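A.B. asks: One structure is given below, represented as C-alpha cells, and several questions about it will come after.
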Amino acid sequence: MNPSNVLEIKGLSVEFSTERGRLPALRNVDLAVPAGAIVGVVGESGCGKSTMIHSIVRLLSPNGRVVSGSIHFEGSDLLGMTEPEMRSIRGDRISMVSQDPMISLNPVLSIGTQMVDIQYREKLDKSRKRARAVTMLQRVGIPDAAERLDDYPHQFSGGMRQRIAIAMALQAEPSLLIADEPTTALDATLEVQIIHRLQELQQSMGCSILFISHHLGVIAELCDLVVVMYGGEVVENGTVRDIFHRPMHPYTQKLIECDPARMVEITRVQPTIPGEVPDLARLPAGCIFSGRCHLAFGKCHDQPPALAGQDGGHRARCHLTDPGPGT
Amino acid sequence: MWLYSFKRILLGILIIVVSVSLLYTMIHLVPGDPVKTVLGPRASPELQARIHEKMGLNDPLPVQVLNFLGNAATGDLGVDVFKNKPVSTIVFEQLHHTVFLVLAGIGWAMLLGIPLGCFSAIYRNSLADRITGVISVSCIAIPTFVVAIYSVLLFAVTLRWLPAIGAGDGETVRSYLIHLVLPAFSVGLGWVGYLARLVRASMLEVMGETHVRTARAFGLTERTIIFKYVLRLAILPTITLLGMGIGILISSAVFTEIVFSRPGIGRLIFDAVTSRNYPVVMGSVLVTTVLFVASTTAADLLNGLVDPRIHHRGHE
C-alpha cells in the first residue's frame with residue numbers, strides 16, 4: 001500500500017445472497033484516499049456506493065459478504081481485523097455521517113447523551129465530555145449549543161440535525177470521515193452551508209473525507225479526486241479537473257451532460273441516459289454500460305474492459321480509451 | 001410533560017364517565033326487575049314501589065346515571081340490597097386479592113418474558129430462538145383456566161407442593177404468598193409468551209433502524225447499543241401492552257379465581273351477575289373500569305417519560 005494513502009481499497013468484491021441468488025454488488029473495486037484529501041464518489045442509486053462504505057466499516061447487512069479484495073486503513077488490513085479491533089477503529093479513526101439526518105440519530109436519547117456516549121474511550125469526567133460536545137456543536141454552527149445539549153433530535157430541524165451528525169462524527173478527530181450523501185435530504189441553501197462548514201472543518205483538522213454523492217455540483221465544489229461508479233464497478237477515476245473537463249468514459253460524459261446545472265439551452269425535458277441500470281443478477285458479458293452506451297461497438301458486448309490509463313492517475317474502464325493488448 | 005400528563009389524565013376521566021354511563025344504561029336495558037329479584041316474586045306491590053323509590057329507579061335514566069356518577073365520585077357506590085352493606089366496602093374487601101394476583105402474574109411474566117424476547121432478538125434465527133418461539137406461542141395458545149386446572153392437578157394434587165384453593169389463612173404473609181403461587185403462575189404463563197414475542201419483534205424492528213447503524217459506526221459496545229439505544233425504544237409497545245394487560249386482567253382474572261376458589265373482584269362480579277345483585281355489579285364494574293383506565297393512563301405517562309417525542313408533540 002502507498003504510505004501517503006489513508007485508505008486503500010484493492011480489488012474489492014462484495015456479494016449479497018438474496019432470494020434471487022447471489023448478487024455481485026461490488027466487483028473488483030479500487031479506490032484510494034490520500035491523506036488530507038477529499039475524494040468524491042459519484043454514481044446513480046444502486047451503483048454500490050453504500051455497499052462500499054459499509055464494507056469499509058464492516059457493517060454490511062448480514063446477507064452481504066466480502067468475496068475478495070483488501071481494504072487497508074493507515075497501513076492495517078481492515079478485513080483481517082477481529083471485531084473488537086474493528087470496533088476500536090469505528091468512530092475513533094474512521095467515522096461516518098449518513099444520508100438522512102431525520103433517522104440517523106437515536107430519537108429517545110438527548111443529543112448530549114449521544115455525544116457523551118460516543119466519547120466512551122476517553123477517560124474524562126462527564127462534565128468535561130459535555131463541554132467537549134458543546135465546543136464541537138459550536139464549531140458546526142449550532143446556536144446556543146450549551147442550552148440545547150439536553151434537547152432531543154426531534155427538536156432540531158433537518159439541517160441542524162445534519163450539523164449535529166457532523167459534530168458527532170468529527171468529535172473524535174478521525175483521520176477519515178465517510179460522508180454518505182450527507183446533503184441529499186437537505187434543500188439547496190442548507191446544502192451549500194453544510195458543504196462550506198465541512199470544508200472548513202476538514203482544513204482545520206486535516207482529516208481525509210470520502211464523500212459520496214450523486215450531486216455533481218457538490219462533488220466539483222468540494223472534492224480533490226473523483227471516482228465514478230456504475231453497476232458495482234469503478235468506471236472512471238481521476239482528479240476533479242480530469243473528470244469534469246476531460247471525461248473519458250461515455251457514462252461520465254453522459255452524467256455530466258445530464259447535470260441540470262450544465263444545461264445551456266432552455267428545454268422542458270430534463271436530459272437523461274436512456275435505458276436502465278443493469279440487473280445485478282443478469283450482468284452483461286462485456287462492458288456493464290454497453291446496453292446504454294451510444295458508442296458501443298462489437299467487443300463492448302462480449303469483452304469486459306479493464307480500468308486503464310495513467311497509473312495512479314486518470315483511468316477509465318472503456319474499450320474506446322483503452323485499445324487493449326492485441327489490437 | 002406536565003401539560004401532556006394533565007391532558008392524558010383528563011382524557012382518562014372522560015373515558016370513565018362515558019363507559020360507566022354506557023354500562024349503567026346497558027344494565028338498565030337488561031330484562032328483569034332488580035327489585036323483584038331482591039324481594040322475591042311474592043312481595044306486595046306497595047313494598048316493591050317503596051324499594052323502587054328508595055333505589056331511585058323511578059327517575060328518568062339520565063338522572064339515574066348522573067346520580068350514580070355523582071355518588072361514585074364521592075366514594076358512595078350504593079348499598080348491596082342482599083347484605084345491606086355498602087357496595088364500596090364489599091368491593092374493597094375483594095379488590096386487593098385480585099390486584100395482588102394480577103401484579104404477581106404480570107410481574108413474573110415480565111421478569112421472564114422481556115429478557116427472553118431480548119435474547120431471541122439478539123440471537124435471531126438460532127436454534128434457541130426457534131425453541132423460544134415455539135414455547136412462547138404454545139404459552140399464548142393454552143387458555144388460562146386450562147393452565148390453572150393442570151397446575152392444580154400437578155403441583156397440588158400429585159406433588160402436594162402447594163395448596164390448591166383459597167387465599168391463605170389471612171394471618172401470615174407467608175401463607176398468603178404460598179397461596180398466590182399457582183394462581184399467579186396460571187395468570188402469567190400466557191403473558192410470558194406475549195411479552196417474549198412482542199419484545200422480540202420490536203427489538204428486531206429497532207435494530208434495523210438507521211440510528212442503530214450509526215451507533216455501531218461510532219464503535220459503541222454491543223451492550224450499550226442493545227440496552228441503551230435499542231431497548232429504550234423497543235420497550236414502548238411493551239409498556240402499552242402491559243398497561244392494557246393489567247387493566248384487562250383485573251376484570252378477567254375470574255377464571256383463575258374460580259378454579260382456585262380465591263376471593264377477588266372477578267369472582268365478585270361473577271357472583272353478582274348470576275344473583276342479579278345489580279348494585280354490586282355496577283359498583284365492581286365501575287371500580288375495574290377505573291383501574292383499567294388508570295393502568296392504561298399510567299402506561300401512556302410512562303411512555304411519555306421514556307419517549308420525549310410523545311409529550312413534545314403538538315405544543316412545540
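Ordering of the C-alpha cells sets the chain letters (A, B, ...); residue numbers start at 1 within each chain; ligands are numbered from 1 in the order shown.
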Once you count only C-alpha atoms, what closest atom pair and distance in Å to one decimal does each residue of chain B within 9 Å of chain A have, with rows by chain and rising residue number, as CSV?
C.D. replies:
residue,atom,partner,partner_atom,distance
B:Glu209,CA,A:Ile103,CA,7.7
B:Thr210,CA,A:Ser104,CA,5.3
B:His211,CA,A:Ser104,CA,4.2
B:Val212,CA,A:Asn106,CA,7.4
B:Arg213,CA,A:Leu59,CA,7.6
B:Thr214,CA,A:Ser104,CA,6.2
B:Ala215,CA,A:Ile118,CA,8.1
B:Arg216,CA,A:Arg90,CA,7.7
B:Ala217,CA,A:Arg90,CA,5.5
B:Phe218,CA,A:Gly91,CA,3.7
B:Gly219,CA,A:Arg90,CA,4.7
B:Leu220,CA,A:Ile118,CA,6.5
B:Thr221,CA,A:Arg87,CA,7.9
B:Thr224,CA,A:Asp117,CA,8.8
B:Lys228,CA,A:Leu109,CA,8.8
B:Tyr229,CA,A:Asn106,CA,6.9
B:Val230,CA,A:Asn106,CA,8.8
B:Arg232,CA,A:Val108,CA,7.4
B:Leu233,CA,A:Val108,CA,6.9
B:Val306,CA,A:Val108,CA,7.0
B:Asp307,CA,A:Val108,CA,5.3
B:Pro308,CA,A:Val108,CA,6.3
B:Arg309,CA,A:His154,CA,6.9
B:His312,CA,A:Gln155,CA,8.5
B:Glu316,CA,A:Gln155,CA,8.3
A.B. asks: Please return as a PyMOL selection string: the residues of region 107-264 of chain B that backbone DSSP assigns to alpha helix (DSSP H).
C.D. replies: chain B and resi 107-122+127-141+144-151+173-207+210-217+222-224+231-252+254-259
A.B. asks: Which residues come within 7 Å of Gly159 (chain A), counting only C-alpha atoms, excluding same-chain residues fewer than 3 positions away, as a VMD selection string?
C.D. replies: chain A and resid 162 to 163 186 190
A.B. asks: Compile the contact shell of Phe68 (chain B) as a ChimeraX atom specification: residues with an atom at most 10 Å away, counting only C-alpha atoms, same-chain residues fewer than 6 positions apart removed.
C.D. replies: /B:20-21,24,56,62,76-78,282-283
A.B. asks: Please dump the current selection as an mmCIF file, in the first residue's frame; keep all heavy atoms.
C.D. replies:
data_model
loop_
_atom_site.group_PDB
_atom_site.id
_atom_site.type_symbol
_atom_site.label_atom_id
_atom_site.label_comp_id
_atom_site.auth_asym_id
_atom_site.auth_seq_id
_atom_site.Cartn_x
_atom_site.Cartn_y
_atom_site.Cartn_z
ATOM 1 N N VAL B 20 -68.857 4.246 32.001
ATOM 2 C CA VAL B 20 -69.748 3.888 33.110
ATOM 3 C C VAL B 20 -71.198 4.248 32.772
ATOM 4 O O VAL B 20 -72.120 3.481 33.054
ATOM 5 C CB VAL B 20 -69.271 4.567 34.420
ATOM 6 C CG1 VAL B 20 -70.311 4.408 35.512
ATOM 7 C CG2 VAL B 20 -67.958 3.954 34.866
ATOM 8 N N SER B 21 -71.385 5.402 32.102
ATOM 9 C CA SER B 21 -72.742 5.764 31.688
ATOM 10 C C SER B 21 -73.315 4.708 30.758
ATOM 11 O O SER B 21 -74.468 4.278 30.891
ATOM 12 C CB SER B 21 -72.746 7.108 30.965
ATOM 13 O OG SER B 21 -72.078 8.064 31.738
ATOM 14 N N TYR B 24 -74.195 1.563 32.711
ATOM 15 C CA TYR B 24 -75.402 1.747 33.513
ATOM 16 C C TYR B 24 -76.632 1.598 32.624
ATOM 17 O O TYR B 24 -77.581 0.884 32.957
ATOM 18 C CB TYR B 24 -75.386 3.127 34.172
ATOM 19 C CG TYR B 24 -76.399 3.246 35.285
ATOM 20 C CD1 TYR B 24 -76.020 3.030 36.607
ATOM 21 C CD2 TYR B 24 -77.728 3.548 35.010
ATOM 22 C CE1 TYR B 24 -76.942 3.111 37.630
ATOM 23 C CE2 TYR B 24 -78.661 3.632 36.023
ATOM 24 C CZ TYR B 24 -78.270 3.416 37.335
ATOM 25 O OH TYR B 24 -79.175 3.490 38.344
ATOM 26 N N GLY B 56 -84.137 4.695 43.681
ATOM 27 C CA GLY B 56 -84.098 5.761 42.663
ATOM 28 C C GLY B 56 -84.418 5.262 41.273
ATOM 29 O O GLY B 56 -84.032 5.866 40.279
ATOM 30 N N PRO B 62 -81.307 9.311 32.425
ATOM 31 C CA PRO B 62 -80.154 10.224 32.547
ATOM 32 C C PRO B 62 -79.949 10.708 33.983
ATOM 33 O O PRO B 62 -78.803 10.824 34.447
ATOM 34 C CB PRO B 62 -80.526 11.389 31.633
ATOM 35 C CG PRO B 62 -81.514 10.846 30.686
ATOM 36 C CD PRO B 62 -82.283 9.801 31.438
ATOM 37 N N ASP B 76 -69.365 6.758 47.151
ATOM 38 C CA ASP B 76 -70.578 6.017 47.508
ATOM 39 C C ASP B 76 -71.052 5.219 46.295
ATOM 40 O O ASP B 76 -71.466 5.791 45.284
ATOM 41 C CB ASP B 76 -71.649 7.018 47.958
ATOM 42 C CG ASP B 76 -72.993 6.336 48.188
ATOM 43 O OD1 ASP B 76 -73.037 5.089 48.260
ATOM 44 O OD2 ASP B 76 -74.005 7.063 48.281
ATOM 45 N N LEU B 77 -70.931 3.914 46.377
ATOM 46 C CA LEU B 77 -71.302 3.076 45.240
ATOM 47 C C LEU B 77 -72.670 2.424 45.454
ATOM 48 O O LEU B 77 -73.014 1.460 44.780
ATOM 49 C CB LEU B 77 -70.240 1.990 45.007
ATOM 50 C CG LEU B 77 -68.842 2.496 44.644
ATOM 51 C CD1 LEU B 77 -67.870 1.338 44.530
ATOM 52 C CD2 LEU B 77 -68.869 3.276 43.338
ATOM 53 N N GLY B 78 -73.428 2.913 46.390
ATOM 54 C CA GLY B 78 -74.747 2.330 46.640
ATOM 55 C C GLY B 78 -74.662 1.247 47.707
ATOM 56 O O GLY B 78 -73.608 1.005 48.305
ATOM 57 N N MET B 282 -72.741 -3.049 39.320
ATOM 58 C CA MET B 282 -72.360 -1.705 38.893
ATOM 59 C C MET B 282 -71.126 -1.208 39.647
ATOM 60 O O MET B 282 -70.194 -0.670 39.049
ATOM 61 C CB MET B 282 -73.515 -0.723 39.137
ATOM 62 C CG MET B 282 -74.479 -0.572 37.994
ATOM 63 S SD MET B 282 -73.712 -0.509 36.368
ATOM 64 C CE MET B 282 -72.731 0.960 36.506
ATOM 65 N N GLY B 283 -71.151 -1.403 40.936
ATOM 66 C CA GLY B 283 -70.045 -0.908 41.755
ATOM 67 C C GLY B 283 -68.729 -1.545 41.378
ATOM 68 O O GLY B 283 -67.713 -0.863 41.179
#
A.B. asks: Might you pull out every residue within 12 Å of Pro3 (chain A), with only C-alpha atoms counted and same-chain residues fewer than 5 positions away left off, and present them as a VMD selection string?
C.D. replies: chain A and resid 8 32 to 35 72 to 76
A.B. asks: What would the file look like if the residues just selected were written as a CSV table (one decimal), in the first residue's frame with N, CA, C and O atoms?
C.D. replies:
chain,number,residue,atom,x,y,z
A,8,GLU,N,-7.0,2.6,1.3
A,8,GLU,CA,-6.7,2.0,0.0
A,8,GLU,C,-7.5,0.7,-0.2
A,8,GLU,O,-7.3,-0.2,0.6
A,32,ALA,N,-8.5,4.9,-3.7
A,32,ALA,CA,-7.5,5.3,-2.7
A,32,ALA,C,-7.9,6.7,-2.2
A,32,ALA,O,-8.4,7.5,-3.0
A,33,VAL,N,-7.7,6.9,-0.9
A,33,VAL,CA,-7.9,8.2,-0.3
A,33,VAL,C,-6.6,8.7,0.2
A,33,VAL,O,-6.2,8.2,1.3
A,34,PRO,N,-6.0,9.7,-0.5
A,34,PRO,CA,-4.7,10.2,0.1
A,34,PRO,C,-4.9,11.0,1.3
A,34,PRO,O,-6.0,11.5,1.5
A,35,ALA,N,-3.9,11.1,2.2
A,35,ALA,CA,-4.0,11.8,3.5
A,35,ALA,C,-4.4,13.2,3.2
A,35,ALA,O,-3.8,13.9,2.3
A,72,HIS,N,-7.2,-1.5,3.1
A,72,HIS,CA,-6.1,-1.1,4.1
A,72,HIS,C,-6.4,0.3,4.6
A,72,HIS,O,-6.7,1.2,3.8
A,73,PHE,N,-6.3,0.5,5.9
A,73,PHE,CA,-6.5,1.8,6.5
A,73,PHE,C,-5.4,2.1,7.4
A,73,PHE,O,-5.1,1.3,8.3
A,74,GLU,N,-4.7,3.2,7.2
A,74,GLU,CA,-3.5,3.6,7.9
A,74,GLU,C,-2.5,2.4,8.0
A,74,GLU,O,-2.0,2.1,9.1
A,75,GLY,N,-2.4,1.6,7.0
A,75,GLY,CA,-1.4,0.6,6.9
A,75,GLY,C,-1.9,-0.8,7.4
A,75,GLY,O,-1.3,-1.8,7.2
A,76,SER,N,-3.1,-0.8,8.1
A,76,SER,CA,-3.5,-2.2,8.5
A,76,SER,C,-4.8,-2.6,7.8
A,76,SER,O,-5.6,-1.8,7.3
A.B. asks: Where does DSSP see strand (DSSP E or B) in region 234-327 of chain A, if you list the residues as a list in words?
C.D. replies: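 Selection result, strand (DSSP E or B) within region 234-327 of chain A: Val234, Val235, Glu236, Asn237, Gly238, Thr239, Ala308, Gly309, Arg315 and Ala316 of chain A.
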A.B. asks: Region 182-245 of chain A near region 21-28 of chain A within 8 Å: what's each residue's closest atom pair and its distance in Å to one decimal, counting only C-alpha atoms, ordered by chain then ascending residue number, as CSV?
C.D. replies:
residue,atom,partner,partner_atom,distance
A:Gly231,CA,A:Ala25,CA,7.6
A:Gly232,CA,A:Leu26,CA,4.2
A:Glu233,CA,A:Arg27,CA,5.5
A.B. asks: Could you save those same residues with C-alpha atoms as a CSV table (one decimal), in the first residue's frame?
C.D. replies:
chain,number,residue,atom,x,y,z
A,231,GLY,CA,-23.4,-1.0,-11.6
A,232,GLY,CA,-21.0,-2.0,-8.8
A,233,GLU,CA,-17.8,-1.2,-10.7
